[in-house]
Structure formats: structure tokens, C-alpha cells
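Coordinates from query28.txt are shown below (compact mmCIF, C-alpha atoms).
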```txt
# COMPACT_ATOMS: atom_id res chain seq x y z
CA MET U 468 -39.18 31.41 46.78
CA SER U 469 -40.62 29.16 44.08
CA ARG U 470 -41.84 30.08 40.64
CA ILE U 471 -44.67 29.04 38.34
CA ILE U 472 -42.98 27.99 35.12
CA SER U 473 -45.98 27.28 32.89
CA VAL U 474 -49.66 26.33 32.79
CA GLY U 475 -51.18 24.03 30.20
CA THR U 476 -54.80 23.07 29.65
CA ALA U 477 -56.49 20.05 28.14
CA HIS U 478 -58.34 19.64 24.91
CA VAL U 479 -61.87 18.57 25.89
CA PRO U 480 -63.55 17.03 22.84
CA TYR U 481 -67.15 18.30 22.83
CA LYS U 482 -68.04 21.99 22.86
CA PHE U 483 -71.58 23.18 23.61
CA ASN U 484 -73.16 26.60 23.46
CA GLN U 485 -74.99 27.54 26.63
CA CYS U 486 -78.27 27.72 24.74
CA GLU U 487 -77.82 24.07 23.69
CA VAL U 488 -77.39 22.98 27.31
CA LYS U 489 -80.38 25.10 28.30
CA ASN U 490 -82.54 23.35 25.69
CA PHE U 491 -81.20 20.00 26.86
CA ALA U 492 -82.19 20.84 30.44
CA TYR U 493 -85.71 21.74 29.29
CA GLU U 494 -86.01 18.39 27.49
CA LEU U 495 -84.49 16.47 30.38
CA PHE U 496 -86.97 17.84 32.92
CA SER U 497 -89.97 18.27 30.60
CA GLU U 498 -92.25 16.26 32.87
CA ASN U 499 -92.57 19.37 35.00
CA LYS U 500 -92.46 22.11 32.36
CA GLN U 501 -93.82 24.86 34.58
CA TYR U 502 -91.09 24.31 37.18
CA ILE U 503 -88.21 23.99 34.73
CA LYS U 504 -89.28 27.13 32.87
CA ARG U 505 -88.92 29.06 36.13
CA MET U 506 -85.46 27.62 36.68
CA LEU U 507 -84.04 28.25 33.21
CA GLY U 508 -83.12 31.82 34.09
CA VAL U 509 -79.98 30.49 35.80
CA PHE U 510 -78.66 29.57 32.34
CA ASP U 511 -79.32 33.07 30.98
CA ASN U 512 -77.72 34.87 33.93
CA SER U 513 -74.60 32.69 34.15
CA LEU U 514 -72.27 34.83 31.95
CA ILE U 515 -71.39 31.55 30.20
CA ASP U 516 -71.34 31.30 26.39
CA THR U 517 -69.73 27.89 25.87
CA ARG U 518 -68.72 24.82 27.84
CA HIS U 519 -66.83 21.60 27.13
CA PHE U 520 -67.69 18.01 28.02
CA VAL U 521 -66.00 14.64 27.55
CA HIS U 522 -69.21 13.06 26.23
CA THR U 523 -71.61 13.72 23.40
CA ARG U 524 -75.08 15.09 24.00
CA GLN U 525 -76.55 11.60 23.45
CA TRP U 526 -74.52 10.09 26.33
CA PHE U 527 -76.73 11.94 28.80
CA ASP U 528 -79.99 10.61 27.35
CA THR U 529 -79.91 7.38 29.37
CA PRO U 530 -79.38 6.89 33.12
CA LYS U 531 -75.86 5.96 34.24
CA ASN U 532 -74.99 4.01 37.37
CA PHE U 533 -72.00 4.65 39.59
CA MET U 534 -69.90 1.97 37.88
CA GLU U 535 -70.45 3.52 34.45
CA ARG U 536 -69.60 6.98 35.77
CA SER U 537 -66.45 5.62 37.45
CA GLU U 538 -65.28 3.91 34.27
CA SER U 539 -65.80 7.16 32.37
CA TYR U 540 -63.92 9.08 35.05
CA LEU U 541 -60.77 6.96 34.81
CA THR U 542 -60.69 6.78 31.01
CA ASN U 543 -61.24 10.49 30.50
CA SER U 544 -59.04 11.55 33.42
CA LEU U 545 -56.07 9.95 31.69
CA LEU U 546 -56.89 11.52 28.33
CA LEU U 547 -57.39 15.03 29.70
CA SER U 548 -54.43 14.86 32.09
CA ILE U 549 -52.02 13.81 29.35
CA SER U 550 -53.35 16.55 27.07
CA ALA U 551 -52.82 19.19 29.78
CA ILE U 552 -49.35 17.84 30.68
CA ASN U 553 -48.20 17.97 27.06
CA ASP U 554 -49.44 21.55 26.72
CA CYS U 555 -47.74 22.59 29.96
CA LEU U 556 -44.36 21.05 29.12
CA GLU U 557 -44.41 22.37 25.56
CA LYS U 558 -44.95 25.93 26.80
CA ALA U 559 -42.00 25.59 29.18
CA ASN U 560 -39.77 23.76 26.68
CA ALA U 561 -39.56 21.14 29.43
CA HIS U 562 -39.54 17.35 29.49
CA LEU U 563 -41.07 14.51 31.48
CA ASN U 564 -37.87 14.13 33.51
CA ASP U 565 -37.82 17.80 34.58
CA PHE U 566 -40.06 17.23 37.64
CA ASP U 567 -39.73 14.80 40.53
CA HIS U 568 -43.14 15.10 42.21
CA ILE U 569 -46.72 14.90 40.94
CA ILE U 570 -49.57 16.47 42.87
CA PHE U 571 -52.85 15.23 41.45
CA VAL U 572 -56.00 17.10 42.51
CA SER U 573 -59.50 15.89 41.68
CA ASN U 574 -62.95 15.71 43.22
CA THR U 575 -65.37 14.25 40.68
CA GLY U 576 -64.43 10.58 40.70
CA ILE U 577 -62.67 7.89 42.69
CA THR U 578 -60.14 5.33 41.57
CA THR U 579 -57.51 3.30 43.42
CA PRO U 580 -54.71 3.24 42.36
CA SER U 581 -55.18 6.98 41.92
CA VAL U 582 -54.91 8.63 38.51
CA ASP U 583 -51.33 9.79 39.09
CA ALA U 584 -50.23 6.14 39.36
CA HIS U 585 -51.92 5.43 36.03
CA LEU U 586 -50.11 8.43 34.53
CA ILE U 587 -46.74 7.09 35.67
CA ASN U 588 -47.46 3.89 33.75
CA GLU U 589 -48.92 5.62 30.69
CA LEU U 590 -46.08 8.16 30.36
CA LYS U 591 -43.32 5.85 31.62
CA LEU U 592 -42.22 8.38 34.23
CA ASP U 593 -39.38 7.76 36.66
CA THR U 594 -40.40 4.86 38.88
CA HIS U 595 -39.10 6.78 41.92
CA ILE U 596 -41.17 9.92 41.29
CA LYS U 597 -43.02 11.18 44.34
CA ARG U 598 -46.78 11.49 44.11
CA THR U 599 -49.43 13.14 46.22
CA PRO U 600 -53.07 12.56 45.23
CA ILE U 601 -55.48 15.02 46.87
CA TRP U 602 -59.26 14.52 46.90
CA GLY U 603 -62.25 16.46 48.25
CA LEU U 604 -61.16 20.10 47.84
CA GLY U 605 -63.71 20.99 45.17
CA CYS U 606 -63.31 24.39 43.55
CA ALA U 607 -60.45 25.29 45.91
CA GLY U 608 -58.35 22.36 44.71
CA GLY U 609 -56.28 24.15 42.09
CA ALA U 610 -55.21 26.86 44.53
CA VAL U 611 -54.53 24.39 47.35
CA GLY U 612 -52.47 22.28 44.95
CA LEU U 613 -50.36 25.36 44.16
CA THR U 614 -49.84 25.93 47.89
CA ARG U 615 -48.66 22.36 48.42
CA ALA U 616 -46.33 22.63 45.40
CA PHE U 617 -44.96 25.94 46.71
CA GLU U 618 -44.29 24.42 50.12
CA TYR U 619 -42.58 21.36 48.65
CA THR U 620 -40.30 23.29 46.28
CA LYS U 621 -39.48 25.78 49.03
CA ALA U 622 -38.34 22.90 51.25
CA PHE U 623 -36.57 21.17 48.34
CA PRO U 624 -35.34 24.03 46.11
CA LYS U 625 -33.72 21.69 43.57
CA SER U 626 -37.09 20.06 42.86
CA ALA U 627 -39.95 20.80 40.50
CA VAL U 628 -43.57 19.74 40.94
CA LEU U 629 -46.11 18.96 38.25
CA LEU U 630 -49.55 19.91 39.57
CA ILE U 631 -52.52 18.41 37.75
CA ALA U 632 -56.06 19.53 38.56
CA LEU U 633 -58.77 17.58 36.77
CA GLU U 634 -62.53 17.44 37.03
CA ILE U 635 -65.27 15.77 35.01
CA CYS U 636 -68.15 17.66 36.55
CA SER U 637 -70.66 16.37 33.99
CA LEU U 638 -70.57 12.99 35.77
CA ALA U 639 -72.55 14.66 38.57
CA PHE U 640 -75.49 15.60 36.31
CA HIS U 641 -78.54 13.51 37.19
CA ARG U 642 -81.72 12.80 35.25
CA GLU U 643 -85.03 13.10 37.09
CA ASP U 644 -83.45 15.22 39.83
CA TYR U 645 -85.42 18.45 39.99
CA SER U 646 -83.47 19.90 42.92
CA LYS U 647 -82.17 23.42 42.56
CA SER U 648 -78.60 22.23 43.14
CA ASN U 649 -78.82 19.83 40.20
CA ILE U 650 -80.25 22.51 37.89
CA VAL U 651 -77.55 25.00 38.95
CA SER U 652 -74.90 22.32 38.44
CA LEU U 653 -76.19 21.65 34.93
CA ALA U 654 -76.14 25.40 34.21
CA LEU U 655 -72.62 26.16 35.49
CA PHE U 656 -70.28 23.20 35.52
CA SER U 657 -68.16 21.59 32.83
CA ASP U 658 -65.15 19.33 32.28
CA GLY U 659 -61.51 20.36 32.17
CA ALA U 660 -57.95 19.78 33.28
CA ALA U 661 -54.91 21.98 33.84
CA ALA U 662 -51.27 21.11 34.48
CA THR U 663 -48.89 23.56 36.15
CA LEU U 664 -45.12 23.27 36.57
CA ILE U 665 -43.68 24.82 39.75
CA ALA U 666 -39.90 24.96 40.32
CA GLY U 667 -37.70 25.63 43.34
CA LYS U 668 -35.07 28.37 43.21
CA GLU U 669 -32.21 25.95 42.52
CA HIS U 670 -33.99 24.14 39.68
CA GLN U 671 -32.78 24.66 36.12
CA LEU U 672 -36.17 26.06 34.99
CA TYR U 673 -36.45 28.62 37.79
CA GLN U 674 -35.00 31.56 35.85
CA SER U 675 -37.36 30.99 32.91
CA SER U 676 -40.39 32.15 34.90
CA SER U 677 -41.79 35.58 35.71
CA ILE U 678 -44.29 34.54 38.43
CA SER U 679 -42.81 34.13 41.92
CA LEU U 680 -44.86 32.66 44.79
CA ILE U 681 -44.41 34.54 48.08
CA ASN U 682 -46.86 33.35 50.74
CA THR U 683 -50.21 31.61 51.25
CA LEU U 684 -53.19 31.60 53.60
CA SER U 685 -55.58 28.70 54.17
CA THR U 686 -58.87 29.27 56.00
CA THR U 687 -61.65 26.88 56.99
CA TYR U 688 -64.74 28.62 58.38
CA TYR U 689 -66.48 27.15 61.41
CA ASP U 690 -70.05 25.83 61.11
CA SER U 691 -70.08 25.87 57.31
CA LEU U 692 -69.81 22.18 56.44
CA ASN U 693 -73.14 22.22 54.60
CA VAL U 694 -72.29 25.12 52.27
CA MET U 695 -70.75 23.00 49.51
CA GLY U 696 -69.99 19.35 48.92
CA TRP U 697 -71.24 16.03 47.61
CA GLU U 698 -74.23 13.99 48.61
CA ILE U 699 -73.60 10.31 47.85
CA VAL U 700 -76.51 8.74 45.96
CA ASP U 701 -76.91 5.40 44.20
CA GLU U 702 -75.87 6.90 40.85
CA GLY U 703 -72.74 8.61 42.23
CA PHE U 704 -72.13 12.17 43.45
CA LYS U 705 -74.82 14.82 43.70
CA ALA U 706 -73.83 18.45 44.18
CA ILE U 707 -74.69 20.45 47.30
CA PHE U 708 -74.67 24.25 47.04
CA SER U 709 -75.85 26.89 49.46
CA LYS U 710 -77.23 30.27 48.52
CA ASP U 711 -74.95 31.64 51.27
CA ILE U 712 -71.76 31.39 49.17
CA PRO U 713 -71.89 34.99 47.83
CA THR U 714 -72.63 36.21 51.37
CA ILE U 715 -69.56 34.42 52.73
CA VAL U 716 -67.45 36.03 50.01
CA ARG U 717 -68.81 39.44 50.97
CA LYS U 718 -68.16 38.97 54.67
CA GLU U 719 -64.93 37.00 54.80
CA VAL U 720 -62.70 37.24 51.74
CA LYS U 721 -61.53 40.84 52.13
CA ALA U 722 -60.40 40.20 55.70
CA ASN U 723 -58.57 37.02 54.65
CA ILE U 724 -56.76 38.82 51.84
CA GLY U 725 -55.80 41.62 54.23
CA GLU U 726 -54.49 39.08 56.73
CA LEU U 727 -52.23 37.51 54.11
CA LEU U 728 -50.98 40.88 52.84
CA GLU U 729 -50.10 42.02 56.35
CA THR U 730 -47.57 39.20 56.64
CA GLU U 731 -45.59 40.89 53.86
CA ASN U 732 -46.29 44.50 54.97
CA LEU U 733 -48.57 45.05 52.00
CA SER U 734 -52.09 46.45 51.65
CA PRO U 735 -54.89 45.80 49.11
CA ALA U 736 -53.78 48.95 47.30
CA ASP U 737 -50.55 47.13 46.39
CA LEU U 738 -52.39 44.46 44.41
CA LYS U 739 -52.29 44.74 40.64
CA HIS U 740 -53.48 41.29 39.56
CA TYR U 741 -56.40 39.12 40.67
CA ILE U 742 -56.50 35.43 39.70
CA VAL U 743 -59.91 34.56 41.15
CA HIS U 744 -61.80 31.31 40.68
CA PRO U 745 -64.99 32.20 38.76
CA GLY U 746 -67.47 30.21 40.81
CA GLY U 747 -70.27 32.10 39.11
CA ALA U 748 -71.41 35.59 38.16
CA LYS U 749 -72.64 36.43 41.68
CA VAL U 750 -69.43 35.23 43.31
CA LEU U 751 -67.27 37.41 41.04
CA ALA U 752 -69.50 40.41 41.69
CA GLU U 753 -69.21 39.90 45.46
CA TYR U 754 -65.42 39.60 45.22
CA GLU U 755 -65.21 42.91 43.38
CA GLY U 756 -67.71 44.62 45.65
CA SER U 757 -66.07 43.45 48.88
CA LEU U 758 -62.66 44.66 47.67
CA GLY U 759 -64.03 48.00 46.44
CA LEU U 760 -63.06 47.23 42.85
CA PRO U 761 -65.01 48.39 39.79
CA GLU U 762 -67.27 45.79 38.21
CA GLY U 763 -65.44 43.95 35.44
CA THR U 764 -62.00 44.11 37.11
CA PHE U 765 -61.61 40.34 36.94
CA LYS U 766 -61.39 40.18 33.15
CA HIS U 767 -59.41 36.94 33.05
CA SER U 768 -61.87 35.20 35.40
CA ARG U 769 -64.84 36.36 33.35
CA LYS U 770 -63.19 35.23 30.11
CA VAL U 771 -62.64 31.72 31.50
CA LEU U 772 -66.20 31.59 32.86
CA ARG U 773 -67.59 32.78 29.54
CA GLU U 774 -65.62 30.28 27.45
CA HIS U 775 -65.45 27.25 29.75
CA GLY U 776 -67.94 27.60 32.61
CA ASN U 777 -66.95 26.44 36.09
CA MET U 778 -64.67 23.38 35.89
CA SER U 779 -64.17 23.24 39.67
CA SER U 780 -60.51 22.76 40.73
CA PRO U 781 -58.69 23.48 37.42
CA THR U 782 -60.63 26.68 36.73
CA VAL U 783 -58.37 29.02 38.70
CA LEU U 784 -55.38 27.58 36.82
CA TYR U 785 -57.10 28.44 33.54
CA VAL U 786 -57.38 32.00 34.84
CA LEU U 787 -53.68 31.97 35.78
CA LYS U 788 -52.87 30.77 32.27
CA GLU U 789 -54.71 33.78 30.81
CA LEU U 790 -52.48 36.15 32.79
CA MET U 791 -49.28 34.30 31.87
CA ASP U 792 -50.18 34.03 28.17
CA GLU U 793 -51.12 37.70 27.95
CA LYS U 794 -47.96 38.89 29.76
CA GLU U 795 -49.49 42.28 30.53
CA TYR U 796 -47.43 42.87 33.64
CA ASN U 797 -44.18 44.48 34.69
CA PRO U 798 -41.58 43.33 37.24
CA GLY U 799 -42.41 44.04 40.87
CA GLU U 800 -46.21 43.85 40.60
CA TYR U 801 -48.19 41.91 43.23
CA GLY U 802 -51.22 39.71 42.74
CA ILE U 803 -53.30 37.06 44.45
CA ILE U 804 -54.67 33.68 43.45
CA SER U 805 -57.91 32.92 45.29
CA ALA U 806 -60.44 30.09 45.33
CA LEU U 807 -63.18 28.78 47.62
CA GLY U 808 -64.27 25.21 48.25
CA PRO U 809 -65.92 22.70 50.58
CA GLY U 810 -65.19 23.00 54.23
CA PHE U 811 -66.26 25.81 53.69
CA SER U 812 -62.78 27.03 52.94
CA SER U 813 -60.63 29.65 51.25
CA GLU U 814 -57.16 29.40 49.73
CA ILE U 815 -55.23 32.57 48.87
CA ILE U 816 -51.74 32.81 47.35
CA LEU U 817 -49.68 35.98 47.08
CA PHE U 818 -47.36 36.27 44.06
CA GLU U 819 -45.02 38.82 42.54
CA THR U 820 -44.02 39.32 38.92
CA VAL U 821 -40.28 39.34 38.26
```

Once you've parsed the file, please lay out its structure as C-alpha cells.
Amino acid sequence: MSRIISVGTAHVPYKFNQCEVKNFAYELFSENKQYIKRMLGVFDNSLIDTRHFVHTRQWFDTPKNFMERSESYLTNSLLLSISAINDCLEKANAHLNDFDHIIFVSNTGITTPSVDAHLINELKLDTHIKRTPIWGLGCAGGAVGLTRAFEYTKAFPKSAVLLIALEICSLAFHREDYSKSNIVSLALFSDGAAATLIAGKEHQLYQSSSISLINTLSTTYYDSLNVMGWEIVDEGFKAIFSKDIPTIVRKEVKANIGELLETENLSPADLKHYIVHPGGAKVLAEYEGSLGLPEGTFKHSRKVLREHGNMSSPTVLYVLKELMDEKEYNPGEYGIISALGPGFSSEIILFETV
């Protein structure tokens, strides 16, 4: 067994109402007003009220090349990561020497050395700390990072892992790109970072937690490589989304959850808590429908979507933070953490409150 000790989130400097971003999109694509007017409904139906970005509105007024986006990625990755780490450690009354492994998950930029190496220098962490940078998992990254941290602390029960999931999705917004994927990206995605501390059962922080990780299930679906990902263009990364994502949720997720529960002799009826990545309004509705749950069951997911939008990999950790901050649970209750990402893939984690 391993336990989640705390979750912290970053302060992202610029907050926008969804209507502001909608108006910005109309201005940005005003050369084809008839087309953009038809597309603006995606902003209204997103369930999003506010989002946060690392740049001002004016930053997006001029084209940016890949070098400029990469420089922004590194600078802001450090700022947001440190903000999330400080929040995480403060909540746990922990210190920078209380973990011996960093797992850094990101998908929206590239830098070598990776950001975790920069963090070791910035924070003056132990020079022997282990680090595992993970790239390319998209929206599933936060959940997969938890799985890797669970596996590591299960194998090394005296250890603790600091998981950082960070995305600057706004770097993938492109001017003069009228594709549906770009418009949807502009309507849904935002910037954010979350840090999570996971401890093995022999670590000093283990007893301070009430969320115990039990088991995980990873699934990559055949013949679905084109469902989600990046297209590499001269300016950087361009989002690829398929309209089939809600359909995959409807057809596959319930069976995957059942498969994981069977390993512990549990059934869906035993689940009390759902920490689901809010990929969008339709995705959440399909999750609830496929599991036979009443609409609105995923209150924490909807709250995060409403207040932050889809931040890709850290989003599910924001949802987890809502549950842990609220503390509306009793010992012995089961829940799942679930997210979907490129591959096309699913990551599901079973946990129990203690």
C-alpha cells in the first residue's frame, strides 16, 4: 500500500472569463465571420466559466514561432511547478528533503535537460534525488504519474515521490488556423500545474494521509492512434481531437472499471467516489451514463472544469485535491481516479479512504 499525502496546485497569473476568450476567438478569426459564428457555440456549451493562462491577452495578438513558445514553456514551467510544490508541501507540513524521487509529467513543451533537472537546481534539492520525466501522455498524464508513483513507493516503502504534472496548453493556440480542433482547443484548454506527494507505508508521512492506493489498470486501445495527439507544425504543437472520444468512453470505460474492481472482488456498486478527468462536458456525461449514474454525480470534476477548464495532465489532480480538501468521506469507502489520453489510452486507479 501507498498513500496520497497531499495535493497542491499552482497560482497561474491571468484569469479570464469564458466570454472574454469567446470574444477573443471571434476577433482572432474575424476574416471568416460566418464560419467562426457557427463555431462559437462550443464556448457556450463547455460548462466553463473561467480559465487561467500564463500570458496576458495581448501576448496572443502576434504570431509566435516554436522557439518563442519553447522559451515561454521553460520559464513558466519552473514558475508554476515551484508554486504547486510549495502548496503541496505546505498542506502536508512537509519539506523538500521528505521525498527522494521526482516524477515530472508534461506534454505541452520540450526541453533538455528536462524541467525536473531545472527544479533540482532552482530548489537546491538533494543531488542524488531520483528523477523520472514522462512526456506524451496528454490528459492521462496525471493519473499515469500516480500509478508510477504508487508502483515505486510500493517497491520502496521507505520512499516518497513528488509527482508534478504541468501543462501550458495555451502554447498550442494558433492564429489563422480555422480547423475545428484549434477552435475546440481554444474553447476548452488552459494552463495549470499540480504537485502530489505519495508515500510508501514505511515513510514518516504515511500515517498522515487518509487516501490509500490499492491497484491500477492501464489500457491502450488498438487502432485508435489518431483519436488524440499532436500534429507538429512550424509554429509548434497543434492539437488533434476526434469526435469519437465520447463514444469510446461509452463503449469501453465501464468494462475497464469493472475489470479493475474484479481484481479486488469489488463491483461498481462499491464505489463511493469518482475522481474523473473532466475532458469536457460530453465526456463527463458519457462517463455518468455508461456507469448508470445520475447526471451531476461528478461534482468535483464539474467544479474544476467550471473554474479552470481542461488543463490536460494536472486536471485530474485538481479534482483529487477537491475531494481531499472537502474531506466528505468516511473510512473504508472506495473510489476511482480515471483519465484518458493519447494512444488512445485509459488509466484507472482504485483507492480506499482510511

Determine, counting all atoms listed in the file, which protein, DNA and RNA residues have an atom within 9 Å of an atom of Thr575 of chain U; residues of the same chain fewer than 3 positions away are not included. Present the result as a compact mmCIF listing (two decimals) with C-alpha atoms, keeping the file's coordinate frame.
```
# COMPACT_ATOMS: atom_id res chain seq x y z
CA TYR U 540 -63.92 9.08 35.05
CA TRP U 602 -59.26 14.52 46.90
CA GLY U 603 -62.25 16.46 48.25
CA GLY U 605 -63.71 20.99 45.17
CA LEU U 633 -58.77 17.58 36.77
CA GLU U 634 -62.53 17.44 37.03
CA ILE U 635 -65.27 15.77 35.01
CA CYS U 636 -68.15 17.66 36.55
CA SER U 637 -70.66 16.37 33.99
CA LEU U 638 -70.57 12.99 35.77
CA ALA U 639 -72.55 14.66 38.57
CA PHE U 704 -72.13 12.17 43.45
```

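Among the candidate residues U:Leu787, U:Val572, U:Tyr502, U:Gly802, the one lying nearest to Ser734 of chain U is U:Gly802, with distances computed using all atoms listed in the file.
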
_I'd like the neighbourhood of Val509 of chain U as a ChimeraX atom specification, where a residue qualifies if any of its atoms comes within 9 Å (using all atoms listed in the file), though same-chain residues fewer than 3 positions away should be ignored._
/U:506,512-513,650-651,654-655

*If we count all atoms listed in the file, what is near Thr476 of chain U at a cut-off of 8 Å, once residues fewer than 5 positions away on the same chain are taken out, given as a PyMOL selection string?*
chain U and resi 550-552+554-555+659-662+785

Once you have the residues from the selection above, write them out as a short mmCIF file (atom, residue, chain, number, x, y, z; two decimals), keeping the file's coordinate frame, restricted to C-alpha atoms.
```cif
data_model
loop_
_atom_site.label_atom_id
_atom_site.label_comp_id
_atom_site.auth_asym_id
_atom_site.auth_seq_id
_atom_site.Cartn_x
_atom_site.Cartn_y
_atom_site.Cartn_z
CA SER U 550 -53.35 16.55 27.07
CA ALA U 551 -52.82 19.19 29.78
CA ILE U 552 -49.35 17.84 30.68
CA ASP U 554 -49.44 21.55 26.72
CA CYS U 555 -47.74 22.59 29.96
CA GLY U 659 -61.51 20.36 32.17
CA ALA U 660 -57.95 19.78 33.28
CA ALA U 661 -54.91 21.98 33.84
CA ALA U 662 -51.27 21.11 34.48
CA TYR U 785 -57.10 28.44 33.54
#
```

Which protein, DNA or RNA residues are at most 8 Å from (-72.2, 27.4, 22.7) in the file's coordinates when you count all atoms listed in the file, listed as a short mmCIF file (atom, residue, chain, number, x, y, z; two decimals) with C-alpha atoms, in the frame of the given file?
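Result written to part18.cif:
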```
data_model
loop_
_atom_site.label_atom_id
_atom_site.label_comp_id
_atom_site.auth_asym_id
_atom_site.auth_seq_id
_atom_site.Cartn_x
_atom_site.Cartn_y
_atom_site.Cartn_z
CA LYS U 482 -68.04 21.99 22.86
CA PHE U 483 -71.58 23.18 23.61
CA ASN U 484 -73.16 26.60 23.46
CA GLN U 485 -74.99 27.54 26.63
CA CYS U 486 -78.27 27.72 24.74
CA GLU U 487 -77.82 24.07 23.69
CA ASP U 516 -71.34 31.30 26.39
CA THR U 517 -69.73 27.89 25.87
CA ARG U 518 -68.72 24.82 27.84
#
```

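Protein, DNA and RNA residues at most 6 Å from (-52.9, 32.1, 41.4), with all atoms listed in the file, are these: Ile742, Leu787, Ile803 and Ile804 of chain U.
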
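Proximity ranking of U:Gly508, U:Gly703, U:Pro480, U:Gly810 relative to Leu604 of chain U places U:Gly810 first, based on only C-alpha atoms.
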
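Coordinates place atom CA of Phe811 of chain U at a distance of 5.3 Å from atom CA of Ser691 of chain U.
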
*For each of U:Asn574, U:Ser646, U:Ser757, U:Ser813, take the minimum atom-to-atom distance to Gly696 of chain U, counting all atoms listed in the file, then give the residue where this is smallest.*
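Between U:Asn574, U:Ser646, U:Ser757, U:Ser813, the residue approaching Gly696 of chain U most closely is U:Asn574.
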
*Just how far from atom CA of Leu728 of chain U is atom CA of Glu800 of chain U, in Å to one decimal?*
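Going from atom CA of Glu800 of chain U over to atom CA of Leu728 of chain U, I get 13.5 Å.
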
*Using all atoms listed in the file, which residue out of U:Ala632, U:Met778, U:Ile816, U:Ala752 lies closest to Leu684 of chain U?*
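Under the stated criterion, the closest residue is U:Ile816.
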
*So how far away is atom CA of Arg717 of chain U from atom CA of Gly763 of chain U, in Å?*
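Computed distance, atom CA of Gly763 of chain U to atom CA of Arg717 of chain U, equals 16.5 Å.
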
_Just checking: using all atoms listed in the file, which residue out of U:Val743, U:Gly756, U:Leu751, U:Asn693 ends up closest to Lys718 of chain U?_
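Nearest to Lys718 of chain U: U:Gly756.
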
*Ile549 of chain U surroundings by only C-alpha atoms, 9 Å radius, close-in-sequence under 6 positions cut, as number ranges by chain*: U: 477, 586, 589-590, 662

*Near Lys621 of chain U, within 7 Å and counting all atoms listed in the file, which residues show up once chain neighbours fewer than 5 positions away are dropped, as JSON, numbers by chain?*
{"U": [468, 469, 667]}

*Pick from U:Glu795, U:Glu535, U:Asp567, U:Asp658 nearest to His740 of chain U, counting all atoms listed in the file*: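 When distances to His740 of chain U are compared using all atoms listed in the file, the smallest one comes from U:Glu795.
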